[in-house]
file structure00.txt (compact mmCIF, C-alpha atoms)
# COMPACT_ATOMS: atom_id res chain seq x y z
CA MET A 13 93.97 77.63 131.08
CA LEU A 14 96.78 80.20 131.33
CA GLY A 15 94.93 82.46 128.87
CA ALA A 16 91.84 82.49 131.09
CA TYR A 17 93.99 83.30 134.14
CA TRP A 18 95.64 86.21 132.27
CA CYS A 19 92.23 87.60 131.27
CA LEU A 20 91.07 87.48 134.90
CA MET A 21 94.24 89.19 136.11
CA LYS A 22 94.01 91.85 133.40
CA ALA A 23 90.34 92.52 134.26
CA ALA A 24 91.31 93.05 137.90
CA ALA A 25 93.76 95.82 137.01
CA MET A 26 93.55 99.35 135.67
CA ARG A 27 96.23 100.95 133.51
CA VAL A 28 97.15 104.38 134.83
CA TYR A 29 99.59 106.95 133.53
CA VAL A 30 101.68 108.77 136.14
CA PRO A 31 103.15 112.14 135.11
CA LEU A 32 106.71 112.78 136.27
CA THR A 33 109.89 114.64 135.42
CA LEU A 34 113.23 112.92 134.80
CA SER A 35 114.32 113.85 138.33
CA GLY A 36 111.03 112.39 139.61
CA LEU A 37 111.72 109.19 137.68
CA ALA A 38 115.23 109.04 139.18
CA GLU A 39 113.74 109.42 142.67
CA ALA A 40 111.16 106.70 141.99
CA TYR A 41 113.93 104.41 140.74
CA LYS A 42 116.02 105.09 143.85
CA GLU A 43 113.05 104.49 146.17
CA GLY A 44 111.68 101.57 144.16
CA GLN A 45 108.22 103.08 144.08
CA LEU A 46 106.06 105.85 142.68
CA GLY A 47 104.99 108.26 145.38
CA PRO A 48 104.46 110.22 147.57
CA THR A 49 100.79 109.58 148.03
CA PRO A 50 98.20 110.52 147.15
CA LEU A 51 99.56 110.13 143.65
CA THR A 52 97.87 111.88 140.73
CA ALA A 53 97.59 109.78 137.59
CA TYR A 54 95.42 109.56 134.48
CA ALA A 55 93.30 106.66 133.26
CA VAL A 56 90.33 105.80 131.10
CA THR A 57 87.58 107.10 133.38
CA PRO A 58 83.86 107.38 132.54
CA ALA A 59 84.27 111.15 132.11
CA LEU A 60 87.20 110.67 129.71
CA ARG A 61 85.17 108.12 127.71
CA GLU A 62 82.26 110.56 127.45
CA TRP A 63 84.51 113.47 126.48
CA TYR A 64 86.50 111.51 123.90
CA VAL A 65 83.40 109.82 122.43
CA SER A 66 85.11 106.60 121.42
CA ASP A 67 84.83 102.94 122.29
CA ASP A 68 88.30 102.15 120.94
CA ILE A 69 90.33 101.30 124.04
CA GLU A 70 93.63 102.11 122.33
CA GLU A 71 92.42 105.60 121.46
CA LEU A 72 91.13 106.08 125.01
CA GLU A 73 94.42 104.89 126.50
CA TYR A 74 96.26 107.33 124.22
CA ALA A 75 93.97 110.13 125.41
CA ALA A 76 94.80 109.25 129.05
CA LEU A 77 98.52 109.17 128.20
CA SER A 78 98.19 112.59 126.55
CA ARG A 79 96.49 113.99 129.65
CA ALA A 80 99.39 112.68 131.75
CA ALA A 81 101.89 114.28 129.33
CA GLN A 82 100.10 117.61 129.83
CA ALA A 83 100.37 117.13 133.61
CA SER A 84 104.09 116.36 133.22
CA LEU A 85 104.48 119.67 131.38
CA ARG A 86 102.88 121.38 134.39
CA LEU A 87 105.43 119.68 136.66
CA LEU A 88 108.20 121.05 134.45
CA ALA A 89 106.70 124.54 134.63
CA VAL A 90 107.10 124.60 138.43
CA ASP A 91 110.56 122.98 138.48
CA PRO A 92 112.98 125.07 136.40
CA ARG A 93 115.88 122.73 137.30
CA ALA A 94 114.23 119.64 135.80
CA ALA A 95 115.37 118.45 132.37
CA ARG A 96 112.90 119.75 129.80
CA ARG A 97 111.45 116.38 128.80
CA ARG A 98 107.99 115.12 129.72
CA VAL A 99 107.91 111.73 131.46
CA VAL A 100 104.94 109.41 131.93
CA VAL A 101 105.09 106.01 133.62
CA ALA A 102 102.42 103.49 132.62
CA VAL A 103 101.54 101.17 135.47
CA ASP A 104 98.81 98.65 136.21
CA VAL A 105 97.17 99.02 139.61
CA PRO A 106 94.48 96.84 141.19
CA ASP A 107 90.92 97.93 140.49
CA GLY A 108 89.74 100.29 143.18
CA GLN A 109 93.21 101.62 143.96
CA ALA A 110 92.86 104.45 141.41
CA VAL A 111 89.79 106.58 142.11
CA ALA A 112 88.36 109.49 140.14
CA ASP A 113 86.93 112.38 142.15
CA PRO A 114 83.18 112.35 141.35
CA ASP A 115 82.93 116.06 142.18
CA ARG A 116 85.41 116.89 139.41
CA GLY A 117 83.96 114.52 136.80
CA LEU A 118 82.68 117.33 134.58
CA ASP A 119 85.68 119.61 135.13
CA GLN A 120 87.50 119.78 131.78
CA SER A 121 90.89 120.08 133.51
CA ALA A 122 90.29 116.86 135.48
CA LEU A 123 89.29 114.55 132.63
CA GLY A 124 90.88 111.16 133.22
CA GLU A 125 92.44 112.25 136.51
CA VAL A 126 92.57 109.65 139.28
CA ARG A 127 94.15 109.53 142.72
CA ILE A 128 96.13 106.58 143.98
CA LYS A 129 96.19 106.37 147.76
CA ALA A 130 99.06 103.90 148.16
CA ALA A 131 102.59 104.02 146.80
CA VAL A 132 103.00 101.90 143.67
CA PRO A 133 106.06 99.66 143.38
CA LEU A 134 108.06 100.66 140.32
CA ALA A 135 108.24 96.93 139.53
CA LYS A 136 104.55 97.20 138.55
CA ALA A 137 105.40 99.67 135.78
CA ALA A 138 104.64 98.48 132.26
CA ALA A 139 106.59 101.16 130.38
CA VAL A 140 108.07 104.63 130.49
CA HIS A 141 107.12 107.27 127.93
CA LEU A 142 109.59 110.13 127.42
CA ASP A 143 110.24 113.00 125.04
CA ALA A 144 113.15 112.61 122.63
CA ASP A 145 116.20 114.82 123.13
CA ASP A 146 115.24 116.95 120.13
CA ALA A 147 111.96 117.97 121.82
CA GLU A 148 113.69 119.76 124.71
CA GLU A 149 113.65 123.24 123.14
CA ASP A 150 109.91 123.10 122.37
CA ILE A 151 109.09 121.55 125.75
CA ALA A 152 111.10 124.25 127.54
CA ALA A 153 109.24 126.97 125.62
CA ALA A 154 105.89 125.33 126.40
CA ALA A 155 106.70 125.05 130.11
CA ASP A 156 107.70 128.73 130.16
CA ALA A 157 104.51 129.78 128.34
CA LEU A 158 102.10 127.68 130.41
CA GLY A 159 101.25 130.38 132.96
CA ALA A 160 100.40 132.94 130.28
CA ALA A 161 98.39 130.34 128.36
CA ASP A 162 96.37 129.60 131.49
CA LEU A 163 95.56 133.31 131.67
CA GLY A 164 94.17 133.30 128.12
CA ASP A 165 97.16 134.42 126.05
CA ASP A 166 96.55 132.91 122.60
CA ASP A 167 100.20 133.18 121.53
CA ALA A 168 101.31 131.36 124.67
CA GLN A 169 98.64 128.70 124.09
CA PHE A 170 100.01 128.17 120.59
CA ILE A 171 103.46 127.51 122.10
CA VAL A 172 102.00 125.12 124.71
CA ASP A 173 100.05 123.27 122.01
CA GLY A 174 103.34 122.86 120.12
CA ALA A 175 104.54 120.47 122.84
CA GLU A 176 101.86 118.03 121.69
CA ASP A 177 103.51 117.88 118.27
CA HIS A 178 106.16 115.70 119.93
CA GLU A 179 105.19 112.08 120.47
CA LEU A 180 106.48 110.50 123.64
CA LEU A 181 108.83 107.61 122.97
CA TRP A 182 108.24 104.20 124.56
CA TYR A 183 110.89 102.61 126.78
CA ALA A 184 110.92 99.29 128.61
CA THR A 185 111.26 99.59 132.38
CA GLN A 186 114.66 97.87 132.16
CA GLU A 187 115.89 101.00 130.38
CA ILE A 188 115.16 103.34 133.31
CA PRO A 189 118.78 103.38 134.57
CA ASN A 190 119.95 104.59 131.14
CA LEU A 191 117.19 107.23 130.98
CA ILE A 192 118.09 108.84 134.30
CA GLU A 193 121.87 108.98 133.83
call {"tool": "encode", "arguments": {"input": "structure00.txt", "output": "structure tokens"}}
result
Amino acid sequence: MLGAYWCLMKAAAMRVYVPLTLSGLAEAYKEGQLGPTPLTAYAVTPALREWYVSDDIEELEYAALSRAAQASLRLLAVDPRAARRRVVVAVDVPDGQAVADPDRGLDQSALGEVRIKAAVPLAKAAAVHLDADDAEEDIAAAADALGAADLGDDDAQFIVDGAEDHELLWYATQEIPNLIE
């Protein structure tokens, strides 16, 4: 009976990946919620499924997480004071709360992007994904090179792509206080 209830609850939720910085995570921890709204996140959307061409949900979830990590890098590029580590919070939101913009469905830069219109309690977070300390130098270089890469500089794009060589580590939400110290 409990198994059937869990399946119903899981079906009524969507896993989204919210890109942040460490200072953004500290603010969310202090406030007890992810915001302000509308909140940009990444999820397994129909456009992401079509682009990734896979039915494996774990691969699709990883693709959404990777898109959020790229968005976290963009947050770092505009905040030179933030610690040079990408942060992504995985959270389950009720179906319908995270909505993809249908007008941007075919836009390569918006694959997997969703908007959340209401603040999400941090207590709903499933996990935090964060770069290891030893990734900071490469992440800093990638954040610095992002603008030039966007303008078509191949050398800068190579540096930005190097950030993806670093896997984000998984942390339980109980570890957030230690992560933001």
call {"tool": "residues_around", "arguments": {"input": "structure00.txt", "residues": "stretch 119-129 of chain A", "least_positions_apart": "2", "cutoff": "12 Å", "atoms": "only C-alpha atoms", "output": "PDB file with C-alpha atoms, keeping the file's coordinate frame"}}
result
ATOM      1  CA  MET A  26      93.550  99.350 135.670  1.00  0.00           C
ATOM      2  CA  ARG A  27      96.230 100.950 133.510  1.00  0.00           C
ATOM      3  CA  VAL A  28      97.150 104.380 134.830  1.00  0.00           C
ATOM      4  CA  TYR A  29      99.590 106.950 133.530  1.00  0.00           C
ATOM      5  CA  VAL A  30     101.680 108.770 136.140  1.00  0.00           C
ATOM      6  CA  PRO A  31     103.150 112.140 135.110  1.00  0.00           C
ATOM      7  CA  LEU A  46     106.060 105.850 142.680  1.00  0.00           C
ATOM      8  CA  GLY A  47     104.990 108.260 145.380  1.00  0.00           C
ATOM      9  CA  PRO A  48     104.460 110.220 147.570  1.00  0.00           C
ATOM     10  CA  THR A  49     100.790 109.580 148.030  1.00  0.00           C
ATOM     11  CA  PRO A  50      98.200 110.520 147.150  1.00  0.00           C
ATOM     12  CA  LEU A  51      99.560 110.130 143.650  1.00  0.00           C
ATOM     13  CA  THR A  52      97.870 111.880 140.730  1.00  0.00           C
ATOM     14  CA  ALA A  53      97.590 109.780 137.590  1.00  0.00           C
ATOM     15  CA  TYR A  54      95.420 109.560 134.480  1.00  0.00           C
ATOM     16  CA  ALA A  55      93.300 106.660 133.260  1.00  0.00           C
ATOM     17  CA  VAL A  56      90.330 105.800 131.100  1.00  0.00           C
ATOM     18  CA  THR A  57      87.580 107.100 133.380  1.00  0.00           C
ATOM     19  CA  PRO A  58      83.860 107.380 132.540  1.00  0.00           C
ATOM     20  CA  ALA A  59      84.270 111.150 132.110  1.00  0.00           C
ATOM     21  CA  LEU A  60      87.200 110.670 129.710  1.00  0.00           C
ATOM     22  CA  ARG A  61      85.170 108.120 127.710  1.00  0.00           C
ATOM     23  CA  GLU A  62      82.260 110.560 127.450  1.00  0.00           C
ATOM     24  CA  TRP A  63      84.510 113.470 126.480  1.00  0.00           C
ATOM     25  CA  TYR A  64      86.500 111.510 123.900  1.00  0.00           C
ATOM     26  CA  LEU A  72      91.130 106.080 125.010  1.00  0.00           C
ATOM     27  CA  GLU A  73      94.420 104.890 126.500  1.00  0.00           C
ATOM     28  CA  TYR A  74      96.260 107.330 124.220  1.00  0.00           C
ATOM     29  CA  ALA A  75      93.970 110.130 125.410  1.00  0.00           C
ATOM     30  CA  ALA A  76      94.800 109.250 129.050  1.00  0.00           C
ATOM     31  CA  LEU A  77      98.520 109.170 128.200  1.00  0.00           C
ATOM     32  CA  SER A  78      98.190 112.590 126.550  1.00  0.00           C
ATOM     33  CA  ARG A  79      96.490 113.990 129.650  1.00  0.00           C
ATOM     34  CA  ALA A  80      99.390 112.680 131.750  1.00  0.00           C
ATOM     35  CA  GLN A  82     100.100 117.610 129.830  1.00  0.00           C
ATOM     36  CA  ALA A  83     100.370 117.130 133.610  1.00  0.00           C
ATOM     37  CA  VAL A 103     101.540 101.170 135.470  1.00  0.00           C
ATOM     38  CA  ASP A 104      98.810  98.650 136.210  1.00  0.00           C
ATOM     39  CA  VAL A 105      97.170  99.020 139.610  1.00  0.00           C
ATOM     40  CA  PRO A 106      94.480  96.840 141.190  1.00  0.00           C
ATOM     41  CA  ASP A 107      90.920  97.930 140.490  1.00  0.00           C
ATOM     42  CA  GLY A 108      89.740 100.290 143.180  1.00  0.00           C
ATOM     43  CA  GLN A 109      93.210 101.620 143.960  1.00  0.00           C
ATOM     44  CA  ALA A 110      92.860 104.450 141.410  1.00  0.00           C
ATOM     45  CA  VAL A 111      89.790 106.580 142.110  1.00  0.00           C
ATOM     46  CA  ALA A 112      88.360 109.490 140.140  1.00  0.00           C
ATOM     47  CA  ASP A 113      86.930 112.380 142.150  1.00  0.00           C
ATOM     48  CA  PRO A 114      83.180 112.350 141.350  1.00  0.00           C
ATOM     49  CA  ASP A 115      82.930 116.060 142.180  1.00  0.00           C
ATOM     50  CA  ARG A 116      85.410 116.890 139.410  1.00  0.00           C
ATOM     51  CA  GLY A 117      83.960 114.520 136.800  1.00  0.00           C
ATOM     52  CA  ALA A 131     102.590 104.020 146.800  1.00  0.00           C
ATOM     53  CA  VAL A 132     103.000 101.900 143.670  1.00  0.00           C
ATOM     54  CA  ASP A 162      96.370 129.600 131.490  1.00  0.00           C
TER      55      ASP A 162
END
call {"tool": "closest_residue", "arguments": {"input": "structure00.txt", "among": "A:Asp166, A:Val99, A:Trp182, A:Leu191", "to": "A:Ile151", "atoms": "all atoms listed in the file"}}
result
A:Val99
call {"tool": "residues_around", "arguments": {"input": "structure00.txt", "residues": "stretch 170-175 of chain A", "least_positions_apart": "3", "cutoff": "9 Å", "atoms": "only C-alpha atoms", "output": "JSON, numbers by chain"}}
result
{"A": [82, 85, 147, 150, 151, 152, 153, 154, 155, 156, 157, 158, 161, 165, 166, 167, 178, 179]}
call {"tool": "atom_distance", "arguments": {"input": "structure00.txt", "atom1": "atom CA of A:Val101", "atom2": "atom CA of A:Ala38"}}
result
12.0 Å
call {"tool": "axis_aligned_box", "arguments": {"input": "structure00.txt", "around": "stretch 69-88 of chain A", "padding_each_side": "8 Å", "output": "lines of an AutoDock Vina configuration file"}}
result
center_x = 99.3
center_y = 111.3
center_z = 129.1
size_x = 33.9
size_y = 36.1
size_z = 31.2
call {"tool": "atom_distance", "arguments": {"input": "structure00.txt", "atom1": "atom CA of A:His141", "atom2": "atom CA of A:Ala184"}}
result
8.9 Å
call {"tool": "closest_residue", "arguments": {"input": "structure00.txt", "among": "A:Ile69, A:Glu149, A:Ala137, A:Asp91", "to": "A:Glu187", "atoms": "only C-alpha atoms"}}
result
A:Ala137
call {"tool": "atom_distance", "arguments": {"input": "structure00.txt", "atom1": "atom CA of A:Leu180", "atom2": "atom CA of A:Leu88"}}
result
15.2 Å
call {"tool": "residues_around", "arguments": {"input": "structure00.txt", "residues": "A:Gly44", "least_positions_apart": "5", "cutoff": "8 Å", "atoms": "only C-alpha atoms", "output": "number ranges by chain"}}
result
A: 133-135
call {"tool": "write_last_selection", "arguments": {"input": "structure00.txt", "atoms": "C-alpha atoms", "output": "PDB file, in the frame of the given file"}}
result
ATOM      1  CA  PRO A 133     106.060  99.660 143.380  1.00  0.00           C
ATOM      2  CA  LEU A 134     108.060 100.660 140.320  1.00  0.00           C
ATOM      3  CA  ALA A 135     108.240  96.930 139.530  1.00  0.00           C
TER       4      ALA A 135
END
call {"tool": "residues_around", "arguments": {"input": "structure00.txt", "residues": "A:Thr185", "least_positions_apart": "2", "cutoff": "7 Å", "atoms": "only C-alpha atoms", "output": "PyMOL selection string"}}
result
chain A and resi 137-140+183+187-188
call {"tool": "decode", "arguments": {"input": "structure00.txt", "residues": "stretch 89-112 of chain A", "atoms": "C-alpha atoms", "output": "short mmCIF file (atom, residue, chain, number, x, y, z; two decimals), in the first residue's frame"}}
result
data_model
loop_
_atom_site.label_atom_id
_atom_site.label_comp_id
_atom_site.auth_asym_id
_atom_site.auth_seq_id
_atom_site.Cartn_x
_atom_site.Cartn_y
_atom_site.Cartn_z
CA ALA A 89 30.51 35.06 -14.69
CA VAL A 90 28.35 38.01 -13.58
CA ASP A 91 29.30 37.82 -9.89
CA PRO A 92 33.08 38.14 -9.52
CA ARG A 93 32.80 38.00 -5.70
CA ALA A 94 31.15 34.56 -5.66
CA ALA A 95 33.29 31.53 -4.83
CA ARG A 96 34.29 29.87 -8.09
CA ARG A 97 32.28 26.68 -7.63
CA ARG A 98 29.13 25.77 -9.53
CA VAL A 99 26.12 24.92 -7.36
CA VAL A 100 22.92 23.13 -8.38
CA VAL A 101 20.06 22.28 -6.04
CA ALA A 102 17.85 19.33 -7.03
CA VAL A 103 14.30 19.80 -5.86
CA ASP A 104 10.95 18.13 -6.52
CA VAL A 105 8.11 20.52 -7.31
CA PRO A 106 4.45 19.71 -7.95
CA ASP A 107 3.56 19.06 -11.58
CA GLY A 108 2.51 22.27 -13.24
CA GLN A 109 4.64 24.49 -11.00
CA ALA A 110 7.62 24.29 -13.38
CA VAL A 111 6.69 25.44 -16.88
CA ALA A 112 8.76 25.49 -20.06
#
